[in-house]
Amino acid sequence: MPAVIRRWPRWLYSAALYLLSPLLWRRVWREHALTNLRRERLGLLPRPPAGVPRLWLHCASVGEVQAARPLIEALLAAYPRHHLVVTTMTATGAERVHALIASRRRAGQAERLQHGFVPLDFPGAARRFVARLSPALAIFFETELWPNLLAACRRRGVPTAVVNGRLSPRAYRGYRRVRPLMAAALGQLDWLAAKSRGDAERFRALGMPVTRIDVVGSLKYDLTPDPATSEASKRLCTRLGSRPVWVAGSTHPGEDQLLLEAHARLRQHYADALLILVPRHPQRFAAVAELVRERGMTLARRSLEEWPDQRTAVYLGDTMGELLVLYGAADLAFVGGSLVAVGGHNLLEPAAMGVPVLTGPELANFADIAETLRQGGALVEVADSAALADTLVTLFLDEAERHRLAEAGLAVVAANRGALARTLAGLQRLLPGE
């Protein structure tokens, strides 16, 4: 096929981006971090030091950064001569990367990990970014497919890979509407590490060459809580005492109300029950706090260092980067985005902390992981708020079942580890001589 015909979908895509640029820049203006200049969105990142080889890993937001943490640590260990630049689209993702940098700084290892904002996918910005960074390898996490960035990498001879490749049926239906563009973008990739056979088949149907796809499993199973996180959970659990405690993590608008309704019903049976409520997005913290007060529930906010006493009904987890700590301090964990049409969030985080996992019915984003937990007897599914309340009451009455669910979750996580090693082996093939 002539090159000009292959390129026309990307030309139309770029023209659409230019037309939408005022809206895109408005979003960029909101997604700002004090640690980074907004001009990075145009590919004008600070010039890295000369003579230092670099790897580039792009993660969309905080959830992807958290899921990619084992890969980040493994890349830094496997390539000791390289610096690793992790880019994000969102400010919350930036905060999570800077938290990782801070933890490495305390260990005297921060200098090889940096953060930058990914540029908007304008052709010029993409070319400037890749030229300035000049990475030895570009790695995109999950479904981050940016046609102009991929084309810029190909033009400069930078090998590219998608790791933990995920494409839900819903996302596939959307991408199928622009299949020529996606086929052209996927054709630029050197390797795609899919997390399941279903994901691999959907990528193939969009145009990814089958010879460049491997099914390696989900990197989320390779999450191993570090000792500091486990110790922080134990301390929090001790301070909360013997009262019934459950956590609802990564919640969304419309879902918080349903969870508070379930909690109110639970407190009819356990008057001292405590809900640790953790909204997905920090811009919603204040609104959720007000929602709790409107329902007449006593509230303590973690960000204000308020401590929940025996009368406190809700402890608001309105801090960043502490979800694992909060999961680990609870008796039961509900994973949000599943009582509303979001598609769910990472079910393996509470499972890895040894906490029973509860979820609503909306699981499109994690269908394969949900099925694995289901088969392992490690997932409790509820249809709505009323069913959640009934299930909470039942499980708080049955300590043996809570213990069984916790052990089953840990067993599922342990049995499915290994994607990290397979991913590193695939990336090694793209860096000859390393």
# chains A, B, ... in the order shown; residues from 1 in each chain; ligands from 1
>>> residues_around(residues="Leu339 in chain A", least_positions_apart="6", cutoff="8 Å", atoms="only C-alpha atoms", output="PDB file with N, CA and C atoms, in the first residue's frame")
ATOM      1  N   GLU A 255     -21.931   6.752  42.937  1.00  0.00           N
ATOM      2  CA  GLU A 255     -21.628   5.523  43.664  1.00  0.00           C
ATOM      3  C   GLU A 255     -21.507   5.773  45.159  1.00  0.00           C
ATOM      4  N   LEU A 258     -24.720   5.417  47.017  1.00  0.00           N
ATOM      5  CA  LEU A 258     -25.120   4.019  47.189  1.00  0.00           C
ATOM      6  C   LEU A 258     -24.331   3.351  48.300  1.00  0.00           C
ATOM      7  N   THR A 359     -17.340  -6.583  45.045  1.00  0.00           N
ATOM      8  CA  THR A 359     -17.493  -5.748  43.863  1.00  0.00           C
ATOM      9  C   THR A 359     -18.948  -5.704  43.439  1.00  0.00           C
ATOM     10  N   GLY A 360     -19.278  -4.642  42.698  1.00  0.00           N
ATOM     11  CA  GLY A 360     -20.578  -4.561  42.058  1.00  0.00           C
ATOM     12  C   GLY A 360     -20.561  -5.286  40.728  1.00  0.00           C
ATOM     13  N   PRO A 361     -21.619  -5.123  39.913  1.00  0.00           N
ATOM     14  CA  PRO A 361     -21.739  -5.899  38.679  1.00  0.00           C
ATOM     15  C   PRO A 361     -21.001  -5.327  37.480  1.00  0.00           C
ATOM     16  N   GLU A 362     -20.555  -4.050  37.543  1.00  0.00           N
ATOM     17  CA  GLU A 362     -19.930  -3.409  36.386  1.00  0.00           C
ATOM     18  C   GLU A 362     -18.434  -3.711  36.376  1.00  0.00           C
ATOM     19  N   ALA A 383     -25.310  -7.097  43.529  1.00  0.00           N
ATOM     20  CA  ALA A 383     -26.019  -6.462  42.421  1.00  0.00           C
ATOM     21  C   ALA A 383     -26.274  -4.983  42.651  1.00  0.00           C
ATOM     22  N   ASP A 384     -26.450  -4.574  43.909  1.00  0.00           N
ATOM     23  CA  ASP A 384     -26.823  -3.190  44.194  1.00  0.00           C
ATOM     24  C   ASP A 384     -26.502  -2.857  45.640  1.00  0.00           C
ATOM     25  N   SER A 385     -26.930  -1.658  46.051  1.00  0.00           N
ATOM     26  CA  SER A 385     -26.611  -1.183  47.391  1.00  0.00           C
ATOM     27  C   SER A 385     -27.240  -2.052  48.468  1.00  0.00           C
TER      28      SER A 385
END
>>> closest_atom_pairs(of="range 146-252 of chain A", to="range 92-103 of chain A", cutoff="12 Å", atoms="only C-alpha atoms", output="JSON lines")
{"residue": "A:Asp226", "atom": "CA", "partner": "A:Ser103", "partner_atom": "CA", "distance": 11.5}
{"residue": "A:Ala228", "atom": "CA", "partner": "A:Ser103", "partner_atom": "CA", "distance": 10.5}
{"residue": "A:Thr229", "atom": "CA", "partner": "A:Ser103", "partner_atom": "CA", "distance": 11.9}
>>> residues_around(residues="Val118 in chain A", least_positions_apart="5", cutoff="7 Å", atoms="only C-alpha atoms", output="count of residues only")
4
>>> residues_around(residues="Gln257 in chain A", least_positions_apart="6", cutoff="12 Å", atoms="only C-alpha atoms", output="list in words")
Ala248, Thr251, His263, Ala264, Leu277, Pro279, Ala287, Val288, Ala289, Glu290, Leu291, Val292, Arg293, Glu294, Arg295, Leu339, Val340, Asp384 and Ser385 of chain A
>>> write_last_selection(atoms="C-alpha atoms", output="PDB file, in the first residue's frame")
ATOM      1  CA  ALA A 248     -14.702   1.370  49.542  1.00  0.00           C
ATOM      2  CA  THR A 251     -15.383   5.394  44.084  1.00  0.00           C
ATOM      3  CA  HIS A 263     -23.264   1.707  55.348  1.00  0.00           C
ATOM      4  CA  ALA A 264     -26.333   3.198  57.036  1.00  0.00           C
ATOM      5  CA  LEU A 277     -14.358   5.925  51.816  1.00  0.00           C
ATOM      6  CA  PRO A 279     -12.922   8.633  46.078  1.00  0.00           C
ATOM      7  CA  ALA A 287     -17.821  17.204  47.585  1.00  0.00           C
ATOM      8  CA  VAL A 288     -17.823  13.690  49.056  1.00  0.00           C
ATOM      9  CA  ALA A 289     -17.101  15.086  52.525  1.00  0.00           C
ATOM     10  CA  GLU A 290     -20.126  17.359  52.144  1.00  0.00           C
ATOM     11  CA  LEU A 291     -22.226  14.425  50.943  1.00  0.00           C
ATOM     12  CA  VAL A 292     -21.364  12.488  54.118  1.00  0.00           C
ATOM     13  CA  ARG A 293     -22.348  15.438  56.292  1.00  0.00           C
ATOM     14  CA  GLU A 294     -25.620  15.888  54.403  1.00  0.00           C
ATOM     15  CA  ARG A 295     -26.537  12.332  55.312  1.00  0.00           C
ATOM     16  CA  LEU A 339     -21.915  -0.051  41.131  1.00  0.00           C
ATOM     17  CA  VAL A 340     -22.011   2.540  38.336  1.00  0.00           C
ATOM     18  CA  ASP A 384     -26.823  -3.190  44.194  1.00  0.00           C
ATOM     19  CA  SER A 385     -26.611  -1.183  47.391  1.00  0.00           C
TER      20      SER A 385
END
>>> select_by_dssp(residues="range 23-237 of chain A", states="helix (DSSP H, G or I)", output="ChimeraX atom specification")
/A:23-30,38-42,62-78,91-106,110-112,123-133,147-155,169-176,179-186,197-206,210-212,219-222,227-237
>>> residues_around(residues="Glu142 in chain A", least_positions_apart="5", cutoff="7 Å", atoms="only C-alpha atoms", output="list in words")
Val162, Val163, Asn164, Gly165 and Arg166 of chain A
